[in-house]
Number of protein chains: 2
Amino acid sequence: MFSASTASDEQAEPTVYERIRNDILSGRIEANARLKVSELAKRHGTSTNPVREALQQLRGEGLVVISPNQGARVRPIDPDFVRDVYEIGLELEPYLLRWFVDTVTPEDLAELESIQDQIEDLNFADQALHTQLNSRFHLMMYQAHYNRLAFDLWSQHREIMGAISARITIAPKRRDAILREHRQLIEAIRQQDKDKAAAILRAHIEDAGRHLMDQLRAQLLRKDAGRPTSAG
Amino acid sequence: MFSASTASDEQAEPTVYERIRNDILSGRIEANARLKVSELAKRHGTSTNPVREALQQLRGEGLVVISPNQGARVRPIDPDFVRDVYEIGLELEPYLLRWFVDTVTPEDLAELESIQDQIEDLNFADQALHTQLNSRFHLMMYQAHYNRLAFDLWSQHREIMGAISARITIAPKRRDAILREHRQLIEAIRQQDKDKAAAILRAHIEDAGRHLMDQLRAQLLRKDAGRPTSAG
DNA sequence: TGCAAATAGATTGTACATTATAAGTTCTTC
DNA sequence: GAAGAACTTATAATGTACAATCTATTTGCA
């Protein structure tokens, strides 16, 4: 196949699927917003079919909800949903971590510390950037795992959680805890202590999830204050 | 519009999506088989668009793989994939079980025992039926869980695993173990001992997964024996 | 004020055009 | 004469345009 179907350095422009997905995760399209196919088609300069297929795929991923004859909506994000996602992470991430501890190299540890240094340097000055670095910290530990299904699932969830947490303020008390927990985790990994590392990670996720839920709940309350009773 | 859009008792006929999904899970379309849209459209008496959207949705669910300009295929089922699925279950099911142990009623326990009785009565005479009953046994424990995301994920995986195991013979030695483990599990639940129940369940899944992988590997070897080297 | 019919707008399904891949054939070259 | 590259052709995926159907809102009337 010398046909160079996808030229080497020329980066292919993103598909409609990727663009819509990005719009949702970046918050440009907000949760629960209606997704009209013809509108999206115009917006992305294409016909309706690519949009329809993109929406179906996103539905399969759980990012979009489609009701028959009523069209598609962005999945509503409520505290319950966040709880569900983070509780799954609570079970999955220690599993992913164990393999990393088993196979970690000095280079891996150096890279992990480098990311952690960047997080501490930034010191929560930029919320979005912090979320990105934090994702990279966890990504670094899981990306080489042999279970691609589990890794992909975690990635999906991470993108959703990242999208939410990027628009949430982290309480000062929480900030110190994050840095401490990360450092403890690195230390346990260096010692190749699987159980200890898993325990620290579990606690870390539990704290982060609880904090995110609380902040989200507060934010939703502020929003709903301006609205009438949502007795639909 | 008297067309009885959704009449009360008249069960709506399955959608194209459901039919294709069913064909895959029941084995009527085998793993790695090519899925041509126009062919499927003819087969199900519809035009191409519904088929395309169904395939995209199935792709989002991970049941179908689509490569650009080359169309869709049923996800290849290899031992690695089975391992990935069952290892996720290994982490998720104990989590789901804990809630059940916390909230279990005497009626729940009776129902669970009833299913187990049916399993023992059947005594592996019908492989497909056994798989179905076994699914119901686990389903019974998880279906009321508050985490719908986790439950749906487990259901998806269960359907895939069920589809595979329905076409695999269970070794006699394994049969006794299954019955014993189920009984032990019921007992631990009755005692409301979460940790004990979770430990038994973990072991149960581990055994089942390992057995399934081994059998699948053997079956694939038998298949490949008749073929030339698969250097493609 | 409450209900029913009409209407607007969006979803869903059908038909067709375009484009890309893959296989088969012919022509060139060693 | 055989091997391989280039061209041709068939087939299926991808994108466009349009028709039919359904939902929700609004308007008119009792």
# chains A, B, ... in the order shown; residues from 1 in each chain; ligands from 1

call {"tool": "closest_atom_pairs", "arguments": {"of": "chain D", "to": "chain B", "cutoff": "12 Å", "atoms": "only C-alpha atoms (C1' of nucleotides)", "output": "tab-separated table"}}
result
residue	atom	partner	partner_atom	distance
D:DT11	C1'	B:Lys36	CA	10.8
D:DA12	C1'	B:Lys36	CA	7.6
D:DA13	C1'	B:Asn69	CA	5.4
D:DT14	C1'	B:Asn69	CA	7.5
D:DG15	C1'	B:Asn49	CA	11.9
D:DT21	C1'	B:Met1	CA	10.2
D:DC22	C1'	B:Ser5	CA	9.4

call {"tool": "write_last_selection", "arguments": {"atoms": "N, CA and C atoms (P, O5', C5', C4', C3', O3' and C1' of nucleotides)", "output": "PDB file, in the first residue's frame"}}
result
ATOM      1  P    DT D  11     -19.114  -6.381  -9.055  1.00  0.00           P
ATOM      2  O5'  DT D  11     -18.969  -5.958  -7.531  1.00  0.00           O
ATOM      3  C5'  DT D  11     -17.720  -6.198  -6.867  1.00  0.00           C
ATOM      4  C4'  DT D  11     -17.600  -5.278  -5.666  1.00  0.00           C
ATOM      5  C3'  DT D  11     -18.930  -4.926  -4.998  1.00  0.00           C
ATOM      6  O3'  DT D  11     -18.794  -5.120  -3.607  1.00  0.00           O
ATOM      7  C1'  DT D  11     -17.671  -2.988  -5.379  1.00  0.00           C
ATOM      8  P    DA D  12     -20.136  -5.318  -2.684  1.00  0.00           P
ATOM      9  O5'  DA D  12     -19.754  -4.435  -1.414  1.00  0.00           O
ATOM     10  C5'  DA D  12     -18.391  -4.317  -1.047  1.00  0.00           C
ATOM     11  C4'  DA D  12     -18.127  -2.937  -0.501  1.00  0.00           C
ATOM     12  C3'  DA D  12     -19.255  -2.371   0.351  1.00  0.00           C
ATOM     13  O3'  DA D  12     -18.710  -1.806   1.535  1.00  0.00           O
ATOM     14  C1'  DA D  12     -18.647  -0.800  -1.275  1.00  0.00           C
ATOM     15  P    DA D  13     -19.607  -1.395   2.770  1.00  0.00           P
ATOM     16  O5'  DA D  13     -18.977   0.005   3.193  1.00  0.00           O
ATOM     17  C5'  DA D  13     -17.572   0.106   3.341  1.00  0.00           C
ATOM     18  C4'  DA D  13     -17.119   1.532   3.113  1.00  0.00           C
ATOM     19  C3'  DA D  13     -17.757   2.563   4.046  1.00  0.00           C
ATOM     20  O3'  DA D  13     -16.759   3.478   4.464  1.00  0.00           O
ATOM     21  C1'  DA D  13     -18.166   3.179   1.803  1.00  0.00           C
ATOM     22  P    DT D  14     -17.079   4.486   5.688  1.00  0.00           P
ATOM     23  O5'  DT D  14     -17.479   5.838   4.955  1.00  0.00           O
ATOM     24  C5'  DT D  14     -16.503   6.553   4.210  1.00  0.00           C
ATOM     25  C4'  DT D  14     -17.159   7.687   3.454  1.00  0.00           C
ATOM     26  C3'  DT D  14     -18.012   8.635   4.308  1.00  0.00           C
ATOM     27  O3'  DT D  14     -17.482   9.944   4.200  1.00  0.00           O
ATOM     28  C1'  DT D  14     -19.121   8.043   2.285  1.00  0.00           C
ATOM     29  P    DG D  15     -18.151  11.143   5.030  1.00  0.00           P
ATOM     30  O5'  DG D  15     -19.050  11.861   3.928  1.00  0.00           O
ATOM     31  C5'  DG D  15     -18.443  12.325   2.725  1.00  0.00           C
ATOM     32  C4'  DG D  15     -19.474  12.953   1.823  1.00  0.00           C
ATOM     33  C3'  DG D  15     -20.413  13.966   2.490  1.00  0.00           C
ATOM     34  O3'  DG D  15     -20.513  15.126   1.676  1.00  0.00           O
ATOM     35  C1'  DG D  15     -21.681  12.296   1.411  1.00  0.00           C
ATOM     36  P    DT D  21     -45.572   8.635   5.576  1.00  0.00           P
ATOM     37  O5'  DT D  21     -45.101   8.896   7.078  1.00  0.00           O
ATOM     38  C5'  DT D  21     -43.886   8.302   7.522  1.00  0.00           C
ATOM     39  C4'  DT D  21     -43.551   8.839   8.899  1.00  0.00           C
ATOM     40  C3'  DT D  21     -44.761   9.042   9.805  1.00  0.00           C
ATOM     41  O3'  DT D  21     -44.463   8.480  11.068  1.00  0.00           O
ATOM     42  C1'  DT D  21     -43.480  11.018   9.711  1.00  0.00           C
ATOM     43  P    DC D  22     -45.671   8.133  12.096  1.00  0.00           P
ATOM     44  O5'  DC D  22     -45.206   8.913  13.406  1.00  0.00           O
ATOM     45  C5'  DC D  22     -43.841   8.871  13.781  1.00  0.00           C
ATOM     46  C4'  DC D  22     -43.452  10.165  14.463  1.00  0.00           C
ATOM     47  C3'  DC D  22     -44.421  10.607  15.556  1.00  0.00           C
ATOM     48  O3'  DC D  22     -43.776  10.554  16.813  1.00  0.00           O
ATOM     49  C1'  DC D  22     -43.724  12.426  14.175  1.00  0.00           C
TER      50       DC D  22
END

call {"tool": "residues_around", "arguments": {"residues": "Glu111 of chain A", "least_positions_apart": "6", "cutoff": "12 Å", "atoms": "only C-alpha atoms (C1' of nucleotides)", "output": "compact mmCIF listing (two decimals) with C-alpha atoms, in the first residue's frame"}}
result
# COMPACT_ATOMS: atom_id res chain seq x y z
CA VAL A 104 7.78 0.60 36.41
CA THR A 105 11.21 1.74 35.21
CA ASP A 117 6.90 19.18 39.51
CA GLN A 118 4.96 20.98 36.80
CA ARG A 136 -1.37 13.42 32.36
CA PHE A 137 -0.17 12.32 35.77
CA HIS A 138 -2.70 9.52 35.90
CA LEU A 139 -2.40 8.78 32.19
CA MET A 140 1.31 8.23 32.61
CA MET A 141 0.63 5.43 35.08
CA ILE A 186 5.11 8.34 43.89

call {"tool": "calpha_fit_rmsd", "arguments": {"fixed": "chain B", "moving": "chain A"}}
result
1.4 Å

call {"tool": "closest_atom_pairs", "arguments": {"of": "chain C", "to": "chain B", "cutoff": "8 Å", "atoms": "only C-alpha atoms (C1' of nucleotides)", "output": "Markdown table"}}
result
| residue | atom | partner | partner_atom | distance |
| --- | --- | --- | --- | --- |
| C:DG13 | C1' | B:Ser47 | CA | 7.0 |
| C:DT14 | C1' | B:Ser47 | CA | 6.4 |
| C:DA20 | C1' | B:Asn69 | CA | 6.5 |
| C:DT21 | C1' | B:Asn69 | CA | 7.2 |

call {"tool": "interface_residues", "arguments": {"of": "chain A", "to": "chain B", "cutoff": "8 Å", "atoms": "only C-alpha atoms", "output": "mmCIF file with N, CA and C atoms, in the first residue's frame"}}
result
data_model
loop_
_atom_site.group_PDB
_atom_site.id
_atom_site.type_symbol
_atom_site.label_atom_id
_atom_site.label_comp_id
_atom_site.auth_asym_id
_atom_site.auth_seq_id
_atom_site.Cartn_x
_atom_site.Cartn_y
_atom_site.Cartn_z
ATOM 1 N N ARG A 52 -25.423 12.654 11.942
ATOM 2 C CA ARG A 52 -26.236 11.597 12.528
ATOM 3 C C ARG A 52 -25.375 10.445 13.028
ATOM 4 N N GLU A 53 -24.414 10.050 12.191
ATOM 5 C CA GLU A 53 -23.568 8.928 12.594
ATOM 6 C C GLU A 53 -22.698 9.291 13.780
ATOM 7 N N ALA A 54 -22.233 10.532 13.800
ATOM 8 C CA ALA A 54 -21.436 10.985 14.944
ATOM 9 C C ALA A 54 -22.265 10.910 16.222
ATOM 10 N N GLN A 56 -24.826 9.019 16.867
ATOM 11 C CA GLN A 56 -25.058 7.630 17.258
ATOM 12 C C GLN A 56 -23.837 7.052 17.960
ATOM 13 N N GLN A 57 -22.690 7.387 17.440
ATOM 14 C CA GLN A 57 -21.472 6.876 18.066
ATOM 15 C C GLN A 57 -21.306 7.446 19.471
ATOM 16 N N LEU A 58 -21.578 8.738 19.594
ATOM 17 C CA LEU A 58 -21.488 9.372 20.905
ATOM 18 C C LEU A 58 -22.521 8.787 21.861
ATOM 19 N N ARG A 59 -23.639 8.397 21.316
ATOM 20 C CA ARG A 59 -24.638 7.733 22.150
ATOM 21 C C ARG A 59 -24.099 6.414 22.679
ATOM 22 N N GLY A 60 -23.450 5.668 21.802
ATOM 23 C CA GLY A 60 -22.865 4.406 22.236
ATOM 24 C C GLY A 60 -21.845 4.622 23.348
ATOM 25 N N GLU A 61 -21.168 5.758 23.308
ATOM 26 C CA GLU A 61 -20.170 6.069 24.326
ATOM 27 C C GLU A 61 -20.796 6.604 25.596
ATOM 28 N N PHE A 81 -24.444 11.361 38.509
ATOM 29 C CA PHE A 81 -23.630 10.855 37.408
ATOM 30 C C PHE A 81 -22.154 10.918 37.767
ATOM 31 N N ASP A 84 -21.340 8.160 40.069
ATOM 32 C CA ASP A 84 -21.251 6.876 39.380
ATOM 33 C C ASP A 84 -19.908 6.720 38.675
ATOM 34 N N VAL A 85 -19.493 7.768 37.974
ATOM 35 C CA VAL A 85 -18.227 7.696 37.249
ATOM 36 C C VAL A 85 -17.061 7.521 38.213
ATOM 37 N N ILE A 88 -16.688 4.100 39.827
ATOM 38 C CA ILE A 88 -16.107 3.109 38.922
ATOM 39 C C ILE A 88 -14.593 3.282 38.890
ATOM 40 N N GLU A 91 -12.685 1.626 41.632
ATOM 41 C CA GLU A 91 -12.416 0.193 41.486
ATOM 42 C C GLU A 91 -11.374 -0.072 40.397
ATOM 43 N N LEU A 92 -11.445 0.723 39.345
ATOM 44 C CA LEU A 92 -10.631 0.442 38.158
ATOM 45 C C LEU A 92 -9.189 0.946 38.290
ATOM 46 N N TYR A 95 -6.591 -1.140 40.058
ATOM 47 C CA TYR A 95 -6.273 -2.285 39.194
ATOM 48 C C TYR A 95 -5.256 -1.895 38.128
ATOM 49 N N ASN A 147 -4.418 -4.165 29.457
ATOM 50 C CA ASN A 147 -5.867 -4.213 29.287
ATOM 51 C C ASN A 147 -6.355 -2.936 28.621
ATOM 52 N N ARG A 148 -6.385 -2.969 27.300
ATOM 53 C CA ARG A 148 -6.769 -1.768 26.549
ATOM 54 C C ARG A 148 -8.213 -1.390 26.796
ATOM 55 N N LEU A 149 -9.051 -2.376 27.009
ATOM 56 C CA LEU A 149 -10.465 -2.117 27.259
ATOM 57 C C LEU A 149 -10.621 -1.279 28.523
ATOM 58 N N ALA A 150 -9.934 -1.708 29.573
ATOM 59 C CA ALA A 150 -10.004 -0.977 30.836
ATOM 60 C C ALA A 150 -9.393 0.410 30.684
#

call {"tool": "select_by_dssp", "arguments": {"residues": "segment 5-180 of chain A", "states": "helix (DSSP H, G or I)", "output": "ChimeraX atom specification"}}
result
/A:16-26,37-43,48-61,79-103,106-122,127-142,148-165,172-180

call {"tool": "write_last_selection", "arguments": {"atoms": "C-alpha atoms", "output": "tab-separated table (two decimals), in the first residue's frame"}}
result
chain	number	residue	atom	x	y	z
A	16	VAL	CA	-17.37	15.84	12.55
A	17	TYR	CA	-17.47	13.25	15.31
A	18	GLU	CA	-14.32	14.59	16.89
A	19	ARG	CA	-15.47	18.18	16.60
A	20	ILE	CA	-18.81	17.57	18.26
A	21	ARG	CA	-17.20	15.46	20.92
A	22	ASN	CA	-14.71	18.22	21.56
A	23	ASP	CA	-17.43	20.85	21.74
A	24	ILE	CA	-19.20	18.82	24.39
A	25	LEU	CA	-16.13	18.09	26.48
A	26	SER	CA	-14.82	21.65	26.26
A	37	VAL	CA	-28.77	17.55	13.27
A	38	SER	CA	-29.43	20.17	10.59
A	39	GLU	CA	-28.06	22.89	12.81
A	40	LEU	CA	-24.89	20.91	13.50
A	41	ALA	CA	-24.59	20.07	9.81
A	42	LYS	CA	-24.66	23.76	8.86
A	43	ARG	CA	-22.28	24.66	11.67
A	48	THR	CA	-26.74	15.59	7.87
A	49	ASN	CA	-25.53	12.02	7.57
A	50	PRO	CA	-22.09	12.49	9.08
A	51	VAL	CA	-23.69	14.33	11.97
A	52	ARG	CA	-26.24	11.60	12.53
A	53	GLU	CA	-23.57	8.93	12.59
A	54	ALA	CA	-21.44	10.98	14.94
A	55	LEU	CA	-24.36	11.35	17.33
A	56	GLN	CA	-25.06	7.63	17.26
A	57	GLN	CA	-21.47	6.88	18.07
A	58	LEU	CA	-21.49	9.37	20.91
A	59	ARG	CA	-24.64	7.73	22.15
A	60	GLY	CA	-22.87	4.41	22.24
A	61	GLU	CA	-20.17	6.07	24.33
A	79	PRO	CA	-23.96	14.88	40.98
A	80	ASP	CA	-25.29	11.35	40.77
A	81	PHE	CA	-23.63	10.85	37.41
A	82	VAL	CA	-20.35	12.17	38.75
A	83	ARG	CA	-20.66	9.82	41.71
A	84	ASP	CA	-21.25	6.88	39.38
A	85	VAL	CA	-18.23	7.70	37.25
A	86	TYR	CA	-15.88	8.26	40.14
A	87	GLU	CA	-16.96	5.14	41.99
A	88	ILE	CA	-16.11	3.11	38.92
A	89	GLY	CA	-12.72	4.80	38.87
A	90	LEU	CA	-12.35	3.86	42.49
A	91	GLU	CA	-12.42	0.19	41.49
A	92	LEU	CA	-10.63	0.44	38.16
A	93	GLU	CA	-7.70	2.74	38.83
A	94	PRO	CA	-6.05	0.67	41.58
A	95	TYR	CA	-6.27	-2.29	39.19
A	96	LEU	CA	-4.55	-0.30	36.45
A	97	LEU	CA	-2.00	1.04	38.90
A	98	ARG	CA	-0.88	-2.40	40.08
A	99	TRP	CA	0.47	-3.27	36.66
A	100	PHE	CA	2.37	-0.01	36.55
A	101	VAL	CA	3.99	-0.69	39.93
A	102	ASP	CA	4.98	-4.14	38.68
A	103	THR	CA	6.59	-2.89	35.50
A	106	PRO	CA	13.39	4.53	36.62
A	107	GLU	CA	12.56	6.55	33.51
A	108	ASP	CA	8.85	6.18	34.25
A	109	LEU	CA	9.37	7.43	37.77
A	110	ALA	CA	11.41	10.39	36.53
A	111	GLU	CA	8.67	11.30	34.08
A	112	LEU	CA	6.03	11.01	36.76
A	113	GLU	CA	8.00	13.28	39.07
A	114	SER	CA	8.52	15.73	36.25
A	115	ILE	CA	4.77	16.02	35.77
A	116	GLN	CA	4.28	16.40	39.49
A	117	ASP	CA	6.90	19.18	39.51
A	118	GLN	CA	4.96	20.98	36.80
A	119	ILE	CA	1.78	20.65	38.82
A	120	GLU	CA	3.47	22.14	41.86
A	121	ASP	CA	5.07	24.91	39.82
A	122	LEU	CA	1.72	25.86	38.36
A	127	GLN	CA	-7.58	25.65	36.53
A	128	ALA	CA	-7.83	24.15	33.03
A	129	LEU	CA	-4.10	23.61	32.80
A	130	HIS	CA	-3.99	21.99	36.21
A	131	THR	CA	-6.72	19.56	35.19
A	132	GLN	CA	-4.74	18.74	32.07
A	133	LEU	CA	-1.56	18.09	33.98
A	134	ASN	CA	-3.42	16.03	36.54
A	135	SER	CA	-4.85	13.91	33.74
A	136	ARG	CA	-1.37	13.42	32.36
A	137	PHE	CA	-0.17	12.32	35.77
A	138	HIS	CA	-2.70	9.52	35.90
A	139	LEU	CA	-2.40	8.78	32.19
A	140	MET	CA	1.31	8.23	32.61
A	141	MET	CA	0.63	5.43	35.08
A	142	TYR	CA	-2.06	3.63	33.10
A	148	ARG	CA	-6.77	-1.77	26.55
A	149	LEU	CA	-10.46	-2.12	27.26
A	150	ALA	CA	-10.00	-0.98	30.84
A	151	PHE	CA	-7.63	1.77	29.81
A	152	ASP	CA	-9.98	3.09	27.12
A	153	LEU	CA	-12.85	3.02	29.57
A	154	TRP	CA	-10.82	4.97	32.08
A	155	SER	CA	-9.79	7.46	29.37
A	156	GLN	CA	-13.40	8.07	28.45
A	157	HIS	CA	-14.34	8.67	32.04
A	158	ARG	CA	-11.31	10.83	32.60
A	159	GLU	CA	-12.24	13.10	29.71
A	160	ILE	CA	-15.72	13.59	31.12
A	161	MET	CA	-14.48	14.22	34.63
A	162	GLY	CA	-11.80	16.55	33.30
A	163	ALA	CA	-14.41	18.53	31.40
A	164	ILE	CA	-16.39	19.03	34.59
A	165	SER	CA	-13.53	19.72	36.95
A	172	PRO	CA	-7.45	25.69	49.04
A	173	LYS	CA	-7.60	22.95	51.64
A	174	ARG	CA	-8.04	20.41	48.88
A	175	ARG	CA	-5.02	21.72	46.98
A	176	ASP	CA	-2.53	20.80	49.69
A	177	ALA	CA	-4.06	17.36	49.98
A	178	ILE	CA	-3.73	16.74	46.24
A	179	LEU	CA	-0.03	17.55	46.23
A	180	ARG	CA	0.59	15.48	49.33

call {"tool": "residues_around", "arguments": {"residues": "DA8 of chain C", "least_positions_apart": "3", "cutoff": "12 Å", "atoms": "only C-alpha atoms (C1' of nucleotides)", "output": "PyMOL selection string"}}
result
chain D and resi 23-26

call {"tool": "write_last_selection", "arguments": {"atoms": "C-alpha atoms (C1' of nucleotides)", "output": "PDB file, in the first residue's frame"}}
result
ATOM      1  C1'  DT D  23     -43.643  15.866  18.145  1.00  0.00           C
ATOM      2  C1'  DA D  24     -44.571  20.079  20.140  1.00  0.00           C
ATOM      3  C1'  DT D  25     -46.367  24.554  20.002  1.00  0.00           C
ATOM      4  C1'  DT D  26     -49.713  27.793  18.831  1.00  0.00           C
TER       5       DT D  26
END

call {"tool": "residues_around", "arguments": {"residues": "DT26 of chain C", "least_positions_apart": "5", "cutoff": "10 Å", "atoms": "only C-alpha atoms (C1' of nucleotides)", "output": "mmCIF file with C-alpha atoms (C1' of nucleotides), in the first residue's frame"}}
result
data_model
loop_
_atom_site.group_PDB
_atom_site.id
_atom_site.type_symbol
_atom_site.label_atom_id
_atom_site.label_comp_id
_atom_site.auth_asym_id
_atom_site.auth_seq_id
_atom_site.Cartn_x
_atom_site.Cartn_y
_atom_site.Cartn_z
ATOM 1 C "C1'" DA D 6 0.594 0.515 -13.890
ATOM 2 C "C1'" DC D 7 -3.947 0.789 -15.489
ATOM 3 C "C1'" DT D 8 -8.811 -0.612 -15.599
#

call {"tool": "atom_distance", "arguments": {"atom1": "atom CA of Leu63 of chain B", "atom2": "atom CA of Glu206 of chain B"}}
result
23.2 Å

call {"tool": "residues_around", "arguments": {"residues": "DT27 of chain D", "least_positions_apart": "3", "cutoff": "10 Å", "atoms": "only C-alpha atoms (C1' of nucleotides)", "output": "ChimeraX atom specification"}}
result
/C:5-7

call {"tool": "select_by_dssp", "arguments": {"residues": "segment 51-115 of chain A", "states": "strand (DSSP E or B)", "output": "list in words"}}
result
Val64, Val65, Ile66, Ser67, Gly71, Ala72, Arg73 and Val74 of chain A

call {"tool": "write_last_selection", "arguments": {"atoms": "C-alpha atoms", "output": "PDB file, in the first residue's frame"}}
result
ATOM      1  CA  VAL A  64     -25.253  11.725  24.205  1.00  0.00           C
ATOM      2  CA  VAL A  65     -28.784  10.588  24.920  1.00  0.00           C
ATOM      3  CA  ILE A  66     -31.208   9.980  22.062  1.00  0.00           C
ATOM      4  CA  SER A  67     -34.933   9.533  22.541  1.00  0.00           C
ATOM      5  CA  GLY A  71     -33.598  13.821  18.894  1.00  0.00           C
ATOM      6  CA  ALA A  72     -30.343  13.984  20.742  1.00  0.00           C
ATOM      7  CA  ARG A  73     -29.231  15.808  23.851  1.00  0.00           C
ATOM      8  CA  VAL A  74     -25.927  16.103  25.613  1.00  0.00           C
TER       9      VAL A  74
END
